[in-house]
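K.L.:
Structure file data.tsv (TSV, C-alpha atoms) right here:
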```
chain	number	residue	atom	x	y	z
A	1	ASP	CA	72.51	58.99	79.79
A	2	ASP	CA	75.66	58.60	77.65
A	3	ASP	CA	77.46	61.26	79.73
A	4	ASP	CA	77.82	58.67	82.51
A	5	LEU	CA	79.20	56.01	80.18
A	6	ASP	CA	82.98	55.50	80.41
A	7	THR	CA	83.42	53.12	77.46
A	8	THR	CA	82.13	49.94	75.89
A	9	ALA	CA	83.68	46.47	75.99
A	10	GLU	CA	83.39	43.32	73.92
A	11	VAL	CA	81.73	40.25	75.40
A	12	VAL	CA	84.20	37.37	75.14
A	13	ARG	CA	82.00	34.74	76.76
A	14	TYR	CA	78.60	34.39	78.37
A	15	ALA	CA	77.93	30.75	79.07
A	16	ALA	CA	76.35	28.46	81.63
A	17	LEU	CA	78.80	26.72	83.92
A	18	GLY	CA	77.00	24.64	86.51
A	19	ASN	CA	74.12	26.69	87.93
A	20	ASP	CA	75.85	30.01	87.26
A	21	HIS	CA	76.95	31.85	84.13
A	22	GLU	CA	80.49	32.90	83.35
A	23	PHE	CA	80.53	36.44	81.93
A	24	THR	CA	83.87	37.58	80.47
A	25	ILE	CA	84.57	40.90	78.76
A	26	ARG	CA	87.69	42.20	77.05
A	27	LEU	CA	89.02	45.25	78.86
A	28	PRO	CA	89.58	48.30	76.68
A	29	GLU	CA	93.28	49.16	76.45
A	30	GLY	CA	94.52	51.18	79.39
A	31	SER	CA	91.53	50.48	81.61
A	32	LYS	CA	92.83	47.67	83.85
A	33	ASN	CA	94.00	50.26	86.39
A	34	LEU	CA	90.34	51.24	86.91
A	35	VAL	CA	89.25	47.71	87.87
A	36	VAL	CA	89.88	45.92	91.17
A	37	LEU	CA	89.52	42.20	91.88
A	38	LYS	CA	86.39	41.71	94.05
A	39	GLY	CA	85.48	45.34	93.32
A	40	SER	CA	82.46	46.66	91.46
A	41	ILE	CA	82.03	47.47	87.80
A	42	CYS	CA	78.85	48.60	86.12
A	43	LEU	CA	77.96	46.77	82.90
A	44	ASP	CA	74.85	47.77	80.97
A	45	GLY	CA	73.63	49.61	84.06
A	46	MET	CA	74.09	46.68	86.46
A	47	SER	CA	76.61	46.86	89.30
A	48	LEU	CA	78.48	43.56	89.33
A	49	THR	CA	81.44	42.10	91.24
A	50	VAL	CA	84.71	41.29	89.46
A	51	ALA	CA	85.59	37.64	90.17
A	52	ASP	CA	88.74	37.36	88.04
A	53	LEU	CA	90.98	40.04	86.56
A	54	GLN	CA	93.62	39.51	83.88
A	55	ASP	CA	95.64	41.97	81.79
A	56	ASP	CA	93.14	42.11	78.95
A	57	HIS	CA	89.87	40.76	80.37
A	58	LEU	CA	87.74	40.30	83.47
A	59	THR	CA	85.23	37.67	84.51
A	60	ILE	CA	82.07	37.98	86.56
A	61	TRP	CA	79.96	35.09	87.83
A	62	ILE	CA	76.24	35.58	87.29
A	63	THR	CA	73.84	33.81	89.66
A	64	PRO	CA	70.77	31.99	88.30
A	65	HIS	CA	68.44	34.70	89.69
A	66	THR	CA	70.40	37.56	88.09
A	67	HIS	CA	70.53	35.65	84.79
A	68	GLU	CA	66.76	35.17	84.79
A	69	VAL	CA	65.66	38.69	85.78
A	70	THR	CA	68.07	40.77	83.64
A	71	THR	CA	68.87	41.22	79.97
A	72	LEU	CA	72.18	39.40	80.52
A	73	LYS	CA	70.56	36.17	79.34
A	74	PHE	CA	70.53	37.59	75.80
A	75	LEU	CA	74.28	38.31	75.62
A	76	GLN	CA	76.48	36.58	73.08
A	77	ALA	CA	80.21	36.68	72.37
A	78	GLY	CA	81.13	39.58	70.11
A	79	GLN	CA	78.42	41.93	71.41
A	80	ARG	CA	79.39	45.13	73.21
A	81	VAL	CA	78.28	46.22	76.68
A	82	ASN	CA	78.33	49.67	78.26
A	83	VAL	CA	80.97	50.09	80.97
A	84	GLU	CA	81.11	52.45	83.93
A	85	PHE	CA	84.14	52.08	86.17
A	86	ASP	CA	84.03	52.47	89.94
A	87	MET	CA	83.88	56.15	90.92
A	88	LEU	CA	86.59	55.83	93.59
A	89	ALA	CA	88.95	54.23	91.06
A	90	LYS	CA	88.36	57.14	88.67
A	91	TYR	CA	89.07	59.70	91.42
A	92	LEU	CA	92.29	57.93	92.39
A	93	GLU	CA	93.37	57.74	88.75
A	94	ARG	CA	92.76	61.47	88.33
A	95	MET	CA	94.71	62.33	91.50
A	96	LEU	CA	97.68	60.16	90.56
A	97	THR	CA	97.73	61.56	87.02
A	98	ALA	CA	97.64	65.12	88.37
A	99	ARG	CA	100.63	64.31	90.58
A	100	GLY	CA	102.51	62.82	87.65
A	101	MET	CA	102.47	59.33	89.08
```
Hey, can you dump this file as structure tokens for me?

P.N.:
Amino acid sequence: DDDDLDTTAEVVRYAALGNDHEFTIRLPEGSKNLVVLKGSICLDGMSLTVADLQDDHLTIWITPHTHEVTTLKFLQAGQRVNVEFDMLAKYLERMLTARGM
């Protein structure tokens, strides 16, 4: 359901590194405040853990099992993925905005 979708993001990298895969997406402008290092983010319907967070991108490490049993294995740089930010982060953002913070 598109009503649950917050935004989309560009895949910067999806590549094997050792046994795992490095999955990096470019954060849409103004969305870094909705992402927390070691927190959850939902990409293409999968809840994943943020392993690295920079100003304009984030990286997630994908285990061999997750790579094999999901559609992630088909991702390529330049593609877009659906993004749903953590619900608690969205609530906090709304509260702070309402208070003018």

K.L.:
When you look at A:Leu88 with a cut-off of 12 Å (counting all atoms listed in the file), what residues show up, excluding the ones that are within fewer than 2 positions of it in the same chain? I need them as a ChimeraX atom specification.

P.N.:
/A:33-36,39-41,84-86,90-95

K.L.:
Kindly indicate which residue among A:Glu29, A:Asp4, A:Glu10, A:Glu22 lies nearest to A:Ala51, using only C-alpha atoms for the distances.

P.N.:
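Counting only C-alpha atoms, the residue closest to A:Ala51 is A:Glu22.
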
K.L.:
Near A:Gln79, within 9 Å and counting all atoms listed in the file, which residues show up once chain neighbours fewer than 5 positions away are dropped, as an mmCIF file with C-alpha atoms, in the frame of the given file?

P.N.:
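This went into around24.cif:
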```cif
data_model
loop_
_atom_site.group_PDB
_atom_site.id
_atom_site.type_symbol
_atom_site.label_atom_id
_atom_site.label_comp_id
_atom_site.auth_asym_id
_atom_site.auth_seq_id
_atom_site.Cartn_x
_atom_site.Cartn_y
_atom_site.Cartn_z
ATOM 1 C CA ALA A 9 83.680 46.470 75.990
ATOM 2 C CA GLU A 10 83.390 43.320 73.920
ATOM 3 C CA VAL A 11 81.730 40.250 75.400
ATOM 4 C CA VAL A 12 84.200 37.370 75.140
#
```

K.L.:
Using only C-alpha atoms, which of A:Leu5, A:Ala15, A:Leu58, A:Leu27 sits nearest A:Leu75?

P.N.:
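Closest to A:Leu75 of all the choices is A:Ala15.
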
K.L.:
Within 12 Å of stretch 66-68 of chain A, counting all atoms listed in the file, which residues qualify if same-chain residues fewer than 2 places away don't, as a ChimeraX atom specification?

P.N.:
/A:14-16,19-23,46-48,60-64,70-75

K.L.:
Grab all the atoms of stretch 51-62 of chain A that the file lists, wrap them in a box along x, y and z, add 3 Å per side, and give me centre plus edge lengths in Å (one decimal) as AutoDock Vina command-line options.

P.N.:
```
--center_x 85.9 --center_y 38.6 --center_z 84.6 --size_x 25.4 --size_y 13.0 --size_z 17.2
```

K.L.:
For A:Ser31, which of A:Ala77, A:Leu53, A:Ala98, A:Val69 is the closest residue, counting all atoms listed in the file?

P.N.:
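Checking each candidate against A:Ser31, we get A:Leu53 as the closest.
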
K.L.:
Set the distance at 8 Å and use all atoms listed in the file: which residues neighbour A:Asp44 once local chain neighbours fewer than 3 positions away are removed? I'd like the list as a list in words.

P.N.:
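These residues fall inside the cut-off: Val81, Asn82 and Val83 of chain A.
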
K.L.:
Atom CA of A:Ala89 and atom CA of A:Thr24 are how many Å apart?

P.N.:
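These atoms are spaced 20.4 Å apart.
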
K.L.:
Mind giving me the straight-line distance from atom CA of A:Thr49 to atom CA of A:Thr97 in Å, one decimal?

P.N.:
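Pair atom CA of A:Thr49 / atom CA of A:Thr97 returns 25.7 Å.
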
K.L.:
For A:Leu37, which residue out of A:Gln76, A:Gly18, A:Met87, A:Asp55 is the nearest one, using only C-alpha atoms?

P.N.:
A:Asp55

K.L.:
What gap, in Å, lies between atom CA of A:Cys42 and atom CA of A:Leu17?

P.N.:
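Between atom CA of A:Cys42 and atom CA of A:Leu17 the gap is 22.0 Å.
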
K.L.:
Which residue out of A:Asp52, A:Arg26, A:Arg80, A:Met101 has the minimum interatomic distance to A:Lys38 when all atoms listed in the file are used?

P.N.:
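Closest candidate: A:Asp52.
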
K.L.:
Pop stretch 6-39 of chain A out of the structure in the block and write C-alpha atoms as a PDB file, in the first residue's frame.

P.N.:
```
ATOM      1  CA  ASP A   6       7.457   7.530   3.145  1.00  0.00           C
ATOM      2  CA  THR A   7       9.709   8.037   0.115  1.00  0.00           C
ATOM      3  CA  THR A   8      12.045   6.283  -2.282  1.00  0.00           C
ATOM      4  CA  ALA A   9      15.842   6.296  -2.308  1.00  0.00           C
ATOM      5  CA  GLU A  10      18.533   5.589  -4.860  1.00  0.00           C
ATOM      6  CA  VAL A  11      20.714   2.508  -4.484  1.00  0.00           C
ATOM      7  CA  VAL A  12      24.339   3.663  -4.462  1.00  0.00           C
ATOM      8  CA  ARG A  13      25.898   0.234  -4.044  1.00  0.00           C
ATOM      9  CA  TYR A  14      24.899  -3.379  -3.613  1.00  0.00           C
ATOM     10  CA  ALA A  15      27.980  -5.545  -3.767  1.00  0.00           C
ATOM     11  CA  ALA A  16      29.509  -8.635  -2.224  1.00  0.00           C
ATOM     12  CA  LEU A  17      32.165  -7.955   0.377  1.00  0.00           C
ATOM     13  CA  GLY A  18      33.428 -11.165   1.920  1.00  0.00           C
ATOM     14  CA  ASN A  19      30.436 -13.376   2.727  1.00  0.00           C
ATOM     15  CA  ASP A  20      28.077 -10.421   3.175  1.00  0.00           C
ATOM     16  CA  HIS A  21      26.742  -7.722   0.872  1.00  0.00           C
ATOM     17  CA  GLU A  22      27.186  -4.004   1.380  1.00  0.00           C
ATOM     18  CA  PHE A  23      23.922  -2.170   0.650  1.00  0.00           C
ATOM     19  CA  THR A  24      24.185   1.635   0.474  1.00  0.00           C
ATOM     20  CA  ILE A  25      21.390   4.055  -0.361  1.00  0.00           C
ATOM     21  CA  ARG A  26      21.410   7.818  -0.819  1.00  0.00           C
ATOM     22  CA  LEU A  27      19.217   9.473   1.793  1.00  0.00           C
ATOM     23  CA  PRO A  28      16.590  11.836   0.422  1.00  0.00           C
ATOM     24  CA  GLU A  29      17.294  15.425   1.457  1.00  0.00           C
ATOM     25  CA  GLY A  30      16.042  16.240   4.937  1.00  0.00           C
ATOM     26  CA  SER A  31      15.547  12.643   6.008  1.00  0.00           C
ATOM     27  CA  LYS A  32      18.718  11.955   8.026  1.00  0.00           C
ATOM     28  CA  ASN A  33      16.905  13.060  11.200  1.00  0.00           C
ATOM     29  CA  LEU A  34      14.545  10.076  10.750  1.00  0.00           C
ATOM     30  CA  VAL A  35      17.366   7.503  10.737  1.00  0.00           C
ATOM     31  CA  VAL A  36      19.364   6.253  13.723  1.00  0.00           C
ATOM     32  CA  LEU A  37      22.634   4.317  13.658  1.00  0.00           C
ATOM     33  CA  LYS A  38      21.884   0.700  14.672  1.00  0.00           C
ATOM     34  CA  GLY A  39      18.177   1.503  14.317  1.00  0.00           C
TER      35      GLY A  39
END
```
